[in-house]
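Trainee: Dropping in data.cif, which is mmCIF, C-alpha atoms and all ligand atoms:
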```
data_input
loop_
_atom_site.label_atom_id
_atom_site.label_comp_id
_atom_site.auth_asym_id
_atom_site.auth_seq_id
_atom_site.Cartn_x
_atom_site.Cartn_y
_atom_site.Cartn_z
CA MET A 1 -111.29 76.11 52.84
CA LYS A 2 -107.93 77.37 51.59
CA LYS A 3 -107.53 78.99 48.20
CA ILE A 4 -104.14 78.56 46.59
CA GLY A 5 -102.55 79.71 43.32
CA ILE A 6 -99.88 78.15 41.11
CA MET A 7 -97.68 80.13 38.75
CA THR A 8 -94.89 78.97 36.40
CA THR A 9 -92.31 81.58 35.42
CA GLY A 10 -89.08 81.77 33.41
CA GLY A 11 -87.98 79.22 30.82
CA ASP A 12 -90.07 76.08 30.71
CA CYS A 13 -88.78 72.54 31.23
CA SER A 14 -90.16 69.07 31.46
CA GLY A 15 -91.76 68.28 34.82
CA LEU A 16 -93.76 71.46 35.27
CA ASN A 17 -97.00 69.72 34.43
CA THR A 18 -96.27 66.91 36.85
CA ALA A 19 -95.74 69.49 39.60
CA ILE A 20 -98.93 71.38 38.66
CA GLN A 21 -101.01 68.20 38.49
CA ARG A 22 -99.70 66.90 41.81
CA ILE A 23 -100.25 70.22 43.59
CA MET A 24 -103.76 70.42 42.19
CA HIS A 25 -104.53 66.83 43.16
CA GLY A 26 -102.98 67.01 46.65
CA ALA A 27 -104.71 70.30 47.38
CA THR A 28 -108.08 69.00 46.17
CA LEU A 29 -107.72 66.00 48.50
CA ARG A 30 -107.29 68.50 51.34
CA GLY A 31 -110.49 70.23 50.27
CA TRP A 32 -108.71 73.32 48.96
CA GLN A 33 -109.43 75.31 45.82
CA VAL A 34 -106.62 75.67 43.29
CA PHE A 35 -106.22 78.40 40.72
CA GLY A 36 -103.66 78.41 37.93
CA ILE A 37 -102.33 81.85 37.03
CA LEU A 38 -101.90 82.00 33.27
CA ASP A 39 -98.69 83.10 31.56
CA GLY A 40 -96.66 83.73 34.69
CA THR A 41 -96.84 87.30 35.94
CA ASP A 42 -98.60 88.34 32.69
CA GLY A 43 -101.73 86.82 34.18
CA LEU A 44 -101.52 89.16 37.15
CA CYS A 45 -101.02 92.25 34.99
CA VAL A 46 -104.53 92.17 33.55
CA THR A 47 -107.81 93.04 35.24
CA PRO A 48 -109.39 90.77 36.25
CA PRO A 49 -106.34 88.49 36.66
CA ALA A 50 -106.14 85.67 34.11
CA VAL A 51 -106.64 82.50 36.14
CA ILE A 52 -108.32 79.15 35.71
CA LYS A 53 -109.73 76.88 38.36
CA LEU A 54 -107.77 73.63 38.27
CA THR A 55 -109.56 70.31 38.62
CA ASP A 56 -108.76 66.68 37.84
CA MET A 57 -110.94 67.06 34.73
CA MET A 58 -109.00 70.06 33.50
CA LEU A 59 -105.51 68.62 33.95
CA PRO A 60 -105.90 64.87 33.59
CA ILE A 61 -103.24 62.62 35.04
CA GLU A 62 -102.19 61.24 31.63
CA ASN A 63 -101.04 64.73 30.61
CA ALA A 64 -98.88 65.22 33.67
CA ARG A 65 -95.86 63.65 31.93
CA LEU A 66 -95.87 66.17 29.05
CA ALA A 67 -93.26 68.91 28.72
CA GLY A 68 -94.09 72.61 28.66
CA SER A 69 -96.36 74.33 31.14
CA PHE A 70 -100.10 73.79 31.01
CA LEU A 71 -100.35 77.31 32.47
CA HIS A 72 -97.85 78.84 29.97
CA ASN A 73 -94.79 80.83 31.02
CA GLY A 74 -95.56 84.28 29.64
CA ARG A 75 -95.04 86.40 26.55
CA ALA A 76 -91.78 88.30 25.93
CA THR A 77 -93.63 91.49 24.96
CA ALA A 78 -96.05 91.61 27.93
CA LEU A 79 -95.49 93.68 31.05
CA ASN A 80 -93.12 91.58 33.12
CA PHE A 81 -90.11 92.40 35.26
CA GLU A 82 -87.74 92.72 32.27
CA THR A 83 -90.02 94.98 30.23
CA ALA A 84 -91.02 96.94 33.35
CA ILE A 85 -87.35 97.83 33.89
CA GLU A 86 -86.95 98.84 30.25
CA ARG A 87 -90.08 100.98 30.43
CA GLY A 88 -89.25 102.44 33.88
CA GLN A 89 -92.43 100.87 35.32
CA VAL A 90 -91.13 98.64 38.11
CA ASP A 91 -93.25 100.26 40.84
CA LYS A 92 -96.36 100.08 38.69
CA PHE A 93 -95.61 96.43 37.90
CA ASN A 94 -95.07 95.47 41.57
CA LYS A 95 -98.23 97.28 42.67
CA GLN A 96 -100.20 95.54 39.94
CA LEU A 97 -98.99 92.10 41.06
CA ARG A 98 -99.94 92.82 44.67
CA LYS A 99 -103.33 94.22 43.69
CA SER A 100 -104.14 91.15 41.59
CA LEU A 101 -103.05 88.71 44.31
CA GLN A 102 -105.24 90.60 46.79
CA ALA A 103 -108.16 90.53 44.34
CA LEU A 104 -107.77 86.77 44.01
CA LYS A 105 -107.89 86.46 47.83
CA LEU A 106 -105.31 83.67 47.77
CA ASP A 107 -104.09 82.15 51.01
CA ALA A 108 -100.94 80.90 49.34
CA LEU A 109 -99.06 81.06 46.06
CA ILE A 110 -96.81 78.28 44.80
CA LEU A 111 -94.27 79.81 42.46
CA ILE A 112 -92.45 77.31 40.25
CA GLY A 113 -89.42 79.15 38.94
CA GLY A 114 -85.68 79.35 38.32
CA ASN A 115 -83.03 81.37 40.09
CA GLY A 116 -84.08 84.61 38.37
CA SER A 117 -87.72 84.28 39.47
CA LEU A 118 -86.82 83.26 43.03
CA SER A 119 -84.22 86.00 43.46
CA LEU A 120 -86.75 88.47 42.13
CA ALA A 121 -89.49 87.21 44.46
CA TRP A 122 -87.18 87.70 47.43
CA ALA A 123 -85.95 91.12 46.28
CA HIS A 124 -89.56 92.30 45.90
CA ARG A 125 -91.06 90.19 48.70
CA ASP A 126 -93.44 92.89 49.78
CA ILE A 127 -95.66 91.88 46.86
CA TYR A 128 -96.41 88.61 48.65
CA ARG A 129 -96.80 89.88 52.20
CA ASP A 130 -100.55 89.11 52.41
CA LEU A 131 -100.19 85.44 51.52
CA GLN A 132 -97.85 82.49 51.98
CA LEU A 133 -95.20 82.26 49.25
CA ILE A 134 -93.83 78.78 48.61
CA CYS A 135 -91.33 78.31 45.77
CA ILE A 136 -90.43 75.18 43.85
CA PRO A 137 -87.10 75.17 41.95
CA LYS A 138 -87.11 74.17 38.29
CA THR A 139 -84.55 74.56 35.53
CA ILE A 140 -82.64 72.47 33.02
CA ASP A 141 -79.51 74.48 33.94
CA MET A 142 -79.23 73.05 37.50
CA ASP A 143 -77.76 76.35 38.61
CA MET A 144 -79.77 76.89 41.81
CA PRO A 145 -78.16 76.90 45.25
CA LEU A 146 -79.36 74.87 48.25
CA THR A 147 -80.94 72.07 46.26
CA GLU A 148 -79.16 69.09 44.74
CA ARG A 149 -81.72 68.78 41.95
CA THR A 150 -84.20 71.01 40.14
CA ILE A 151 -87.27 69.86 38.24
CA GLY A 152 -86.43 69.46 34.54
CA PHE A 153 -82.73 68.74 34.85
CA ASP A 154 -82.91 64.96 34.67
CA THR A 155 -85.17 65.06 31.61
CA ALA A 156 -82.86 67.58 29.92
CA VAL A 157 -79.86 65.32 30.54
CA GLN A 158 -81.86 62.44 29.04
CA GLN A 159 -82.89 64.53 26.03
CA LEU A 160 -79.34 65.64 25.33
CA THR A 161 -78.05 62.11 25.85
CA SER A 162 -80.57 60.68 23.38
CA TYR A 163 -79.75 63.40 20.86
CA CYS A 164 -76.03 62.60 21.08
CA ASP A 165 -76.75 58.87 20.86
CA GLN A 166 -78.29 59.47 17.43
CA LEU A 167 -75.35 61.55 16.27
CA MET A 168 -72.81 58.98 17.43
CA LEU A 169 -74.04 56.49 14.81
CA THR A 170 -73.71 58.82 11.84
CA ALA A 171 -70.40 60.11 13.28
CA ARG A 172 -69.03 56.59 13.11
CA SER A 173 -70.26 55.98 9.56
CA HIS A 174 -68.47 59.11 8.34
CA HIS A 175 -65.35 59.02 10.53
CA ARG A 176 -66.15 62.47 11.84
CA TRP A 177 -66.64 64.35 15.08
CA PHE A 178 -69.68 66.24 16.27
CA VAL A 179 -69.39 69.36 18.37
CA VAL A 180 -72.68 69.51 20.26
CA GLN A 181 -73.65 72.73 22.00
CA ALA A 182 -75.52 72.19 25.27
CA MET A 183 -77.75 74.74 26.94
CA GLY A 184 -77.20 75.71 30.59
CA ARG A 185 -76.38 79.44 30.44
CA ASP A 186 -73.16 79.96 32.42
CA CYS A 187 -73.44 76.66 34.28
CA GLY A 188 -71.91 73.43 32.97
CA ASN A 189 -74.03 70.86 34.81
CA LEU A 190 -76.14 69.83 31.81
CA ALA A 191 -73.12 69.45 29.49
CA LEU A 192 -71.12 67.58 32.14
CA ASN A 193 -73.83 65.07 33.00
CA ALA A 194 -74.91 64.31 29.42
CA GLY A 195 -71.27 64.23 28.32
CA VAL A 196 -70.42 61.58 30.90
CA ALA A 197 -73.58 59.65 30.01
CA ILE A 198 -72.64 59.37 26.32
CA GLY A 199 -68.90 58.88 26.83
CA ALA A 200 -67.99 62.14 25.12
CA ARG A 201 -64.35 62.56 24.12
CA ALA A 202 -64.32 66.06 25.56
CA ILE A 203 -66.61 68.23 27.65
CA LEU A 204 -66.03 71.97 27.83
CA ILE A 205 -67.83 73.87 30.58
CA PRO A 206 -67.61 77.50 31.71
CA GLU A 207 -66.33 76.58 35.18
CA ILE A 208 -63.09 75.03 33.90
CA LYS A 209 -60.52 76.75 31.68
CA PHE A 210 -59.52 74.76 28.62
CA ASP A 211 -56.59 74.92 26.25
CA ILE A 212 -57.59 74.64 22.61
CA ASP A 213 -54.28 73.03 21.58
CA ALA A 214 -54.62 70.44 24.35
CA LEU A 215 -58.16 69.72 23.16
CA ILE A 216 -56.98 69.29 19.56
CA LYS A 217 -54.18 66.95 20.63
CA HIS A 218 -56.62 64.95 22.74
CA ILE A 219 -58.88 64.44 19.71
CA GLN A 220 -55.94 63.63 17.42
CA ASP A 221 -54.72 61.04 19.94
CA SER A 222 -58.16 59.48 20.27
CA PRO A 223 -58.34 55.71 19.72
CA THR A 224 -61.40 56.39 17.53
CA ASP A 225 -61.73 58.70 14.54
CA TYR A 226 -65.26 59.72 15.53
CA GLY A 227 -67.11 60.80 18.62
CA ILE A 228 -68.71 63.70 20.39
CA ILE A 229 -67.38 66.85 21.98
CA VAL A 230 -69.95 68.51 24.22
CA VAL A 231 -69.54 72.25 24.70
CA SER A 232 -71.58 74.30 27.07
CA GLU A 233 -73.20 77.41 25.59
CA GLY A 234 -71.48 79.45 28.33
CA ILE A 235 -67.85 78.83 27.26
CA SER A 236 -65.75 81.42 25.47
CA LEU A 237 -62.56 81.34 23.43
CA ARG A 238 -60.31 84.36 23.69
CA GLY A 239 -60.20 86.38 20.47
CA HIS A 240 -63.15 84.56 18.94
CA SER A 241 -66.82 85.36 18.70
CA GLY A 242 -69.94 83.53 17.64
CA ARG A 243 -71.57 80.40 18.93
CA PRO A 244 -69.20 78.34 21.10
CA ALA A 245 -69.71 75.14 19.07
CA ASP A 246 -68.86 77.03 15.86
CA MET A 247 -65.70 78.48 17.42
CA ILE A 248 -64.46 75.06 18.51
CA SER A 249 -65.47 73.48 15.22
CA ARG A 250 -63.46 76.03 13.21
CA LYS A 251 -60.37 75.34 15.31
CA LEU A 252 -60.75 71.58 14.83
CA THR A 253 -61.23 72.00 11.09
CA ALA A 254 -58.09 74.16 10.89
CA ALA A 255 -56.21 71.31 12.59
CA GLY A 256 -57.50 68.83 10.00
CA ILE A 257 -60.12 67.20 12.23
CA VAL A 258 -63.27 66.46 10.24
CA ASN A 259 -66.28 67.61 12.22
CA ARG A 260 -69.79 69.03 12.20
CA THR A 261 -71.68 71.11 14.72
CA ALA A 262 -75.08 70.26 16.19
CA PHE A 263 -77.48 72.36 18.24
CA PRO A 264 -80.16 70.51 20.17
CA GLU A 265 -81.44 73.85 21.49
CA HIS A 266 -84.92 73.79 23.03
CA THR A 267 -85.38 70.05 22.59
CA GLN A 268 -83.44 69.95 25.87
CA ARG A 269 -86.45 71.58 27.52
CA SER A 270 -88.92 69.10 26.02
CA GLY A 271 -89.42 65.34 26.04
CA ASP A 272 -91.58 63.15 28.21
CA THR A 273 -90.70 63.82 31.82
CA THR A 274 -88.39 61.10 33.19
CA ALA A 275 -89.52 59.05 36.17
CA THR A 276 -86.82 60.73 38.27
CA ASP A 277 -88.17 64.20 37.45
CA ARG A 278 -91.75 63.07 38.04
CA ILE A 279 -90.82 61.71 41.46
CA LEU A 280 -88.98 64.93 42.30
CA ALA A 281 -91.92 67.05 41.11
CA THR A 282 -94.28 64.94 43.23
CA ARG A 283 -92.06 65.22 46.30
CA PHE A 284 -91.70 68.98 45.86
CA ALA A 285 -95.47 69.35 45.36
CA ASP A 286 -96.14 67.39 48.54
CA CYS A 287 -93.55 69.40 50.46
CA ALA A 288 -95.06 72.69 49.21
CA LEU A 289 -98.56 71.66 50.33
CA ASN A 290 -97.25 70.59 53.74
CA ALA A 291 -95.47 73.94 54.04
CA ILE A 292 -98.76 75.74 53.41
CA GLU A 293 -100.44 73.61 56.07
CA ASN A 294 -97.60 74.45 58.48
CA GLY A 295 -98.07 78.16 57.92
CA GLU A 296 -94.65 78.64 56.29
CA THR A 297 -93.89 81.49 53.90
CA TYR A 298 -90.95 82.79 51.85
CA VAL A 299 -89.54 79.28 51.55
CA MET A 300 -88.30 77.05 48.75
CA THR A 301 -88.51 73.27 48.51
CA ALA A 302 -85.10 71.63 48.26
CA LEU A 303 -83.54 68.19 47.86
CA GLU A 304 -80.62 67.45 50.14
CA CYS A 305 -79.14 63.99 50.75
CA ASP A 306 -82.36 62.43 49.46
CA ASN A 307 -84.47 64.46 51.88
CA VAL A 308 -86.98 66.98 50.62
CA HIS A 309 -87.54 69.91 52.95
CA THR A 310 -88.05 73.66 52.83
CA VAL A 311 -85.31 76.27 53.11
CA PRO A 312 -85.85 79.98 53.70
CA LEU A 313 -85.72 82.10 50.55
CA SER A 314 -83.30 84.38 52.40
CA ASP A 315 -80.87 81.43 52.65
CA PHE A 316 -81.32 80.69 48.97
CA VAL A 317 -80.22 84.18 48.10
CA ALA A 318 -77.37 84.18 50.61
CA ALA A 319 -76.05 80.74 49.63
CA GLY A 320 -75.38 81.24 45.93
CA ASP A 321 -72.86 83.19 43.91
CA VAL A 322 -74.66 86.50 43.72
CA VAL A 323 -74.24 87.92 40.22
CA HIS A 324 -75.90 90.52 38.02
CA ASP A 325 -78.65 89.07 35.87
CA PRO A 326 -77.63 89.99 32.29
CA LYS A 327 -81.29 90.23 31.25
CA ILE A 328 -82.43 92.33 34.22
CA PRO A 329 -79.90 95.07 34.99
CA ASP A 330 -81.20 95.86 38.48
CA LEU A 331 -81.43 92.28 39.66
CA MET A 332 -78.82 90.24 41.48
CA THR A 333 -79.47 86.53 41.02
CA SER A 334 -78.27 83.74 43.24
CA ASN A 335 -76.52 81.15 41.07
CA ALA A 336 -74.85 77.80 41.62
CA TYR A 337 -72.14 76.33 39.42
CA VAL A 338 -70.30 73.03 38.96
CA SER A 339 -68.09 72.78 42.02
CA PRO A 340 -64.41 71.87 41.54
CA ALA A 341 -65.14 69.07 44.03
CA ASP A 342 -67.94 67.58 41.90
CA PRO A 343 -67.10 63.85 41.80
CA LEU A 344 -68.25 63.65 38.18
CA LEU A 345 -65.28 65.78 37.14
CA ALA A 346 -62.83 63.24 38.53
CA VAL A 347 -64.78 60.39 36.95
CA ALA A 348 -64.72 62.14 33.57
CA TYR A 349 -60.99 62.76 33.85
CA ASN A 350 -60.28 59.14 34.82
CA MET A 351 -62.34 57.97 31.85
CA GLY A 352 -60.10 59.88 29.44
CA ILE A 353 -62.55 62.68 28.77
CA TYR A 354 -60.86 66.03 28.20
CA ILE A 355 -62.54 68.44 30.60
CA GLY A 356 -60.08 71.29 30.51
CA GLU A 357 -57.02 72.23 32.44
CA GLN A 358 -57.72 71.06 35.95
CA LYS A 359 -55.19 71.71 38.65
O1 LIG A 401 -82.48 78.86 31.54
C1 LIG A 401 -83.00 77.90 30.69
C2 LIG A 401 -82.53 78.10 29.27
O2 LIG A 401 -83.03 77.03 28.48
C3 LIG A 401 -81.01 78.20 29.12
O3 LIG A 401 -80.37 76.97 29.20
C4 LIG A 401 -80.93 78.88 27.77
O4 LIG A 401 -79.74 79.62 27.64
C5 LIG A 401 -82.11 79.82 27.79
O5 LIG A 401 -83.02 79.31 28.75
C6 LIG A 401 -82.80 79.95 26.46
O6 LIG A 401 -83.77 80.93 26.59
P1 LIG A 401 -84.86 81.23 25.49
O7 LIG A 401 -85.98 80.25 25.70
O8 LIG A 401 -85.28 82.61 25.79
O9 LIG A 401 -84.24 81.05 24.14
#
```
Take the structure in the file and give it back as structure tokens.
Mentor:
Amino acid sequence: MKKIGIMTTGGDCSGLNTAIQRIMHGATLRGWQVFGILDGTDGLCVTPPAVIKLTDMMLPIENARLAGSFLHNGRATALNFETAIERGQVDKFNKQLRKSLQALKLDALILIGGNGSLSLAWAHRDIYRDLQLICIPKTIDMDMPLTERTIGFDTAVQQLTSYCDQLMLTARSHHRWFVVQAMGRDCGNLALNAGVAIGARAILIPEIKFDIDALIKHIQDSPTDYGIIVVSEGISLRGHSGRPADMISRKLTAAGIVNRTAFPEHTQRSGDTTATDRILATRFADCALNAIENGETYVMTALECDNVHTVPLSDFVAAGDVVHDPKIPDLMTSNAYVSPADPLLAVAYNMGIYIGEQK
């Protein structure tokens, strides 16, 4: 009988519980034992490791649609990779993870994480050398290479869309604009997709330079005197500081455009998991279990042209734009961004949405 572990790390998103429930259920059907590691790597930094045995009774199917992680994602103050770097304890931290995984006698670990967690797992892969490491990509930012979708993205787009839908009504009543700041770190996928969904008048993303005067003119020339401008949290405006939505709002106000700012913040990571995300989580869970059966290790599940398959973690790291992680000085993360060839950019442009100064 195999013994497998599941761990969720990094920022949470909707769809994690679907993935956990499906892994647990699929593994149980195979006669395997499943352990949930609590609080991400925090659970491996205590002796004995903090784990729970997962069963259908413990994580009932009706809860699989809920946002957040049933296993938690960790505490900011605990020993984790970020704090280990700050405290000069990286070796101690890595040894502790390995020791705990050995103590648990796991055959395989399914790590559900974002680009930081996966890049880190590859950089410190020795930790996992005694077991099979299978990764599942999740993030609302959709900034991971080699997969066309990550768990949580579709729900986040839906959450942001619904949020903007509500604002649109009051915007109309008051003849005013809303500048809505989307999450996504330095990737514009979330802002772009929700912006197109709501028919935003403008979408500003970090990947495309914009001209503030051109934006102002575009709003002044709008056939409506209300609407929504979606700005990604990763944009910047030369000579200005503060939150991006505030910077844009001040410029609009100075030009006589009546507006308000709105910050949906972490509601983008919550909300009942959409059917699309649940299906993706189920497909990734199934793929991860098959990968364990096939003896694979150091792989990630990925969606490509509607096919779910595994890709080597080494490819994941090699395929992205390798950049310094601002939160972890020693770590290079593999990121993906909105490509200039993304068809949604052309669609947005053709629909009269200002998306910056495209060539
Ligand atoms: O990476 C996911 C994400 O939600 C980003 O979009 C956002 O910038 C960040 O995490 C917020 O992090 P925290 O939960 O630490 O505020």
Trainee: Dump as JSON lines the rows for residues of region 79-112 of chain A within 10 Å of region 269-291 of chain A: closest atom pair and distance in Å with one decimal, only C-alpha atoms counted, ordered by chain and rising residue number.
Mentor:
```
{"residue": "A:Ala108", "atom": "CA", "partner": "A:Leu289", "partner_atom": "CA", "distance": 9.6}
{"residue": "A:Leu109", "atom": "CA", "partner": "A:Ala288", "partner_atom": "CA", "distance": 9.8}
{"residue": "A:Ile110", "atom": "CA", "partner": "A:Ala288", "partner_atom": "CA", "distance": 7.3}
{"residue": "A:Leu111", "atom": "CA", "partner": "A:Ala288", "partner_atom": "CA", "distance": 9.8}
{"residue": "A:Ile112", "atom": "CA", "partner": "A:Ala285", "partner_atom": "CA", "distance": 9.9}
```
Trainee: Taking only C-alpha atoms and all ligand atoms into account, which residues are within 9 Å of ligand LIG 401 (chain A), as a ChimeraX atom specification?
Mentor: /A:10-13,76,114-115,139-143,182-187,190,233-234,265-266,268-269
Trainee: What's the 12 Å shell around Tyr349 (chain A), counting all atoms listed in the file, without same-chain residues fewer than 3 positions away, as a list in words?
Mentor: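 Here the answer would be Leu192, Gly195, Val196, Gly199, Ala200, Arg201, Ala202, Ile203, Asp342, Pro343, Leu344, Leu345, Ala346, Gly352, Ile353, Tyr354, Ile355, Gly356, Glu357, Gln358 and Lys359 of chain A.
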Trainee: Which one is closest to Thr310 (chain A): A:Ile219, A:Asp325, A:Lys251, A:Leu133? Count all atoms listed in the file.
Mentor: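 Selected residue with least distance to Thr310 (chain A): A:Leu133.
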Trainee: Check the smallest atom-to-atom distance from each of A:Val299, A:Ala84, A:Met144, A:Met247 to Val322 (chain A) using only C-alpha atoms, then report the winner.
Mentor: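 Among the listed residues, the smallest separation from Val322 (chain A) belongs to A:Met144.
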Trainee: Kindly complete region 286-315 of chain A to N, CA and C atoms; the output should be written as a PDB file, keeping the file's coordinate frame.
Mentor:
```pdb
ATOM      1  N   ASP A 286     -95.696  67.818  47.214  1.00  0.00           N
ATOM      2  CA  ASP A 286     -96.140  67.390  48.540  1.00  0.00           C
ATOM      3  C   ASP A 286     -95.528  68.273  49.625  1.00  0.00           C
ATOM      4  N   CYS A 287     -94.250  68.558  49.474  1.00  0.00           N
ATOM      5  CA  CYS A 287     -93.550  69.400  50.460  1.00  0.00           C
ATOM      6  C   CYS A 287     -94.154  70.809  50.477  1.00  0.00           C
ATOM      7  N   ALA A 288     -94.482  71.334  49.295  1.00  0.00           N
ATOM      8  CA  ALA A 288     -95.060  72.690  49.210  1.00  0.00           C
ATOM      9  C   ALA A 288     -96.420  72.736  49.901  1.00  0.00           C
ATOM     10  N   LEU A 289     -97.222  71.689  49.688  1.00  0.00           N
ATOM     11  CA  LEU A 289     -98.560  71.660  50.330  1.00  0.00           C
ATOM     12  C   LEU A 289     -98.429  71.540  51.842  1.00  0.00           C
ATOM     13  N   ASN A 290     -97.480  70.708  52.283  1.00  0.00           N
ATOM     14  CA  ASN A 290     -97.250  70.590  53.740  1.00  0.00           C
ATOM     15  C   ASN A 290     -96.802  71.929  54.316  1.00  0.00           C
ATOM     16  N   ALA A 291     -95.973  72.639  53.567  1.00  0.00           N
ATOM     17  CA  ALA A 291     -95.470  73.940  54.040  1.00  0.00           C
ATOM     18  C   ALA A 291     -96.635  74.921  54.200  1.00  0.00           C
ATOM     19  N   ILE A 292     -97.591  74.849  53.285  1.00  0.00           N
ATOM     20  CA  ILE A 292     -98.760  75.740  53.410  1.00  0.00           C
ATOM     21  C   ILE A 292     -99.525  75.368  54.685  1.00  0.00           C
ATOM     22  N   GLU A 293     -99.721  74.064  54.876  1.00  0.00           N
ATOM     23  CA  GLU A 293    -100.440  73.610  56.070  1.00  0.00           C
ATOM     24  C   GLU A 293     -99.735  74.053  57.357  1.00  0.00           C
ATOM     25  N   ASN A 294     -98.388  74.068  57.296  1.00  0.00           N
ATOM     26  CA  ASN A 294     -97.600  74.450  58.480  1.00  0.00           C
ATOM     27  C   ASN A 294     -97.474  75.949  58.664  1.00  0.00           C
ATOM     28  N   GLY A 295     -98.102  76.705  57.782  1.00  0.00           N
ATOM     29  CA  GLY A 295     -98.070  78.160  57.920  1.00  0.00           C
ATOM     30  C   GLY A 295     -96.762  78.806  57.488  1.00  0.00           C
ATOM     31  N   GLU A 296     -95.936  78.073  56.713  1.00  0.00           N
ATOM     32  CA  GLU A 296     -94.650  78.640  56.290  1.00  0.00           C
ATOM     33  C   GLU A 296     -94.851  79.669  55.168  1.00  0.00           C
ATOM     34  N   THR A 297     -93.882  80.553  55.041  1.00  0.00           N
ATOM     35  CA  THR A 297     -93.890  81.490  53.900  1.00  0.00           C
ATOM     36  C   THR A 297     -92.459  81.892  53.580  1.00  0.00           C
ATOM     37  N   TYR A 298     -92.277  82.425  52.358  1.00  0.00           N
ATOM     38  CA  TYR A 298     -90.950  82.790  51.850  1.00  0.00           C
ATOM     39  C   TYR A 298     -89.985  81.616  51.980  1.00  0.00           C
ATOM     40  N   VAL A 299     -90.409  80.456  51.513  1.00  0.00           N
ATOM     41  CA  VAL A 299     -89.540  79.280  51.550  1.00  0.00           C
ATOM     42  C   VAL A 299     -89.472  78.648  50.162  1.00  0.00           C
ATOM     43  N   MET A 300     -88.462  77.803  49.994  1.00  0.00           N
ATOM     44  CA  MET A 300     -88.300  77.050  48.750  1.00  0.00           C
ATOM     45  C   MET A 300     -88.168  75.569  49.101  1.00  0.00           C
ATOM     46  N   THR A 301     -88.719  74.706  48.295  1.00  0.00           N
ATOM     47  CA  THR A 301     -88.510  73.270  48.510  1.00  0.00           C
ATOM     48  C   THR A 301     -87.113  72.930  48.000  1.00  0.00           C
ATOM     49  N   ALA A 302     -86.476  71.965  48.649  1.00  0.00           N
ATOM     50  CA  ALA A 302     -85.100  71.630  48.260  1.00  0.00           C
ATOM     51  C   ALA A 302     -84.843  70.146  48.498  1.00  0.00           C
ATOM     52  N   LEU A 303     -83.962  69.587  47.682  1.00  0.00           N
ATOM     53  CA  LEU A 303     -83.540  68.190  47.860  1.00  0.00           C
ATOM     54  C   LEU A 303     -82.120  68.197  48.419  1.00  0.00           C
ATOM     55  N   GLU A 304     -81.952  67.521  49.535  1.00  0.00           N
ATOM     56  CA  GLU A 304     -80.620  67.450  50.140  1.00  0.00           C
ATOM     57  C   GLU A 304     -80.437  66.069  50.739  1.00  0.00           C
ATOM     58  N   CYS A 305     -79.421  65.356  50.274  1.00  0.00           N
ATOM     59  CA  CYS A 305     -79.140  63.990  50.750  1.00  0.00           C
ATOM     60  C   CYS A 305     -80.405  63.135  50.751  1.00  0.00           C
ATOM     61  N   ASP A 306     -81.122  63.183  49.666  1.00  0.00           N
ATOM     62  CA  ASP A 306     -82.360  62.430  49.460  1.00  0.00           C
ATOM     63  C   ASP A 306     -83.517  62.846  50.373  1.00  0.00           C
ATOM     64  N   ASN A 307     -83.357  63.936  51.081  1.00  0.00           N
ATOM     65  CA  ASN A 307     -84.470  64.460  51.880  1.00  0.00           C
ATOM     66  C   ASN A 307     -85.030  65.690  51.199  1.00  0.00           C
ATOM     67  N   VAL A 308     -86.351  65.774  51.154  1.00  0.00           N
ATOM     68  CA  VAL A 308     -86.980  66.980  50.620  1.00  0.00           C
ATOM     69  C   VAL A 308     -87.482  67.793  51.809  1.00  0.00           C
ATOM     70  N   HIS A 309     -87.110  69.044  51.850  1.00  0.00           N
ATOM     71  CA  HIS A 309     -87.540  69.910  52.950  1.00  0.00           C
ATOM     72  C   HIS A 309     -87.610  71.334  52.422  1.00  0.00           C
ATOM     73  N   THR A 310     -88.028  72.269  53.283  1.00  0.00           N
ATOM     74  CA  THR A 310     -88.050  73.660  52.830  1.00  0.00           C
ATOM     75  C   THR A 310     -86.843  74.399  53.402  1.00  0.00           C
ATOM     76  N   VAL A 311     -86.391  75.384  52.631  1.00  0.00           N
ATOM     77  CA  VAL A 311     -85.310  76.270  53.110  1.00  0.00           C
ATOM     78  C   VAL A 311     -85.816  77.702  52.952  1.00  0.00           C
ATOM     79  N   PRO A 312     -85.389  78.603  53.838  1.00  0.00           N
ATOM     80  CA  PRO A 312     -85.850  79.980  53.700  1.00  0.00           C
ATOM     81  C   PRO A 312     -85.322  80.622  52.411  1.00  0.00           C
ATOM     82  N   LEU A 313     -86.155  81.410  51.774  1.00  0.00           N
ATOM     83  CA  LEU A 313     -85.720  82.100  50.550  1.00  0.00           C
ATOM     84  C   LEU A 313     -84.519  82.991  50.832  1.00  0.00           C
ATOM     85  N   SER A 314     -84.445  83.518  52.050  1.00  0.00           N
ATOM     86  CA  SER A 314     -83.300  84.380  52.400  1.00  0.00           C
ATOM     87  C   SER A 314     -82.000  83.555  52.329  1.00  0.00           C
ATOM     88  N   ASP A 315     -82.057  82.282  52.731  1.00  0.00           N
ATOM     89  CA  ASP A 315     -80.870  81.430  52.650  1.00  0.00           C
ATOM     90  C   ASP A 315     -80.510  81.153  51.199  1.00  0.00           C
TER      91      ASP A 315
END
```
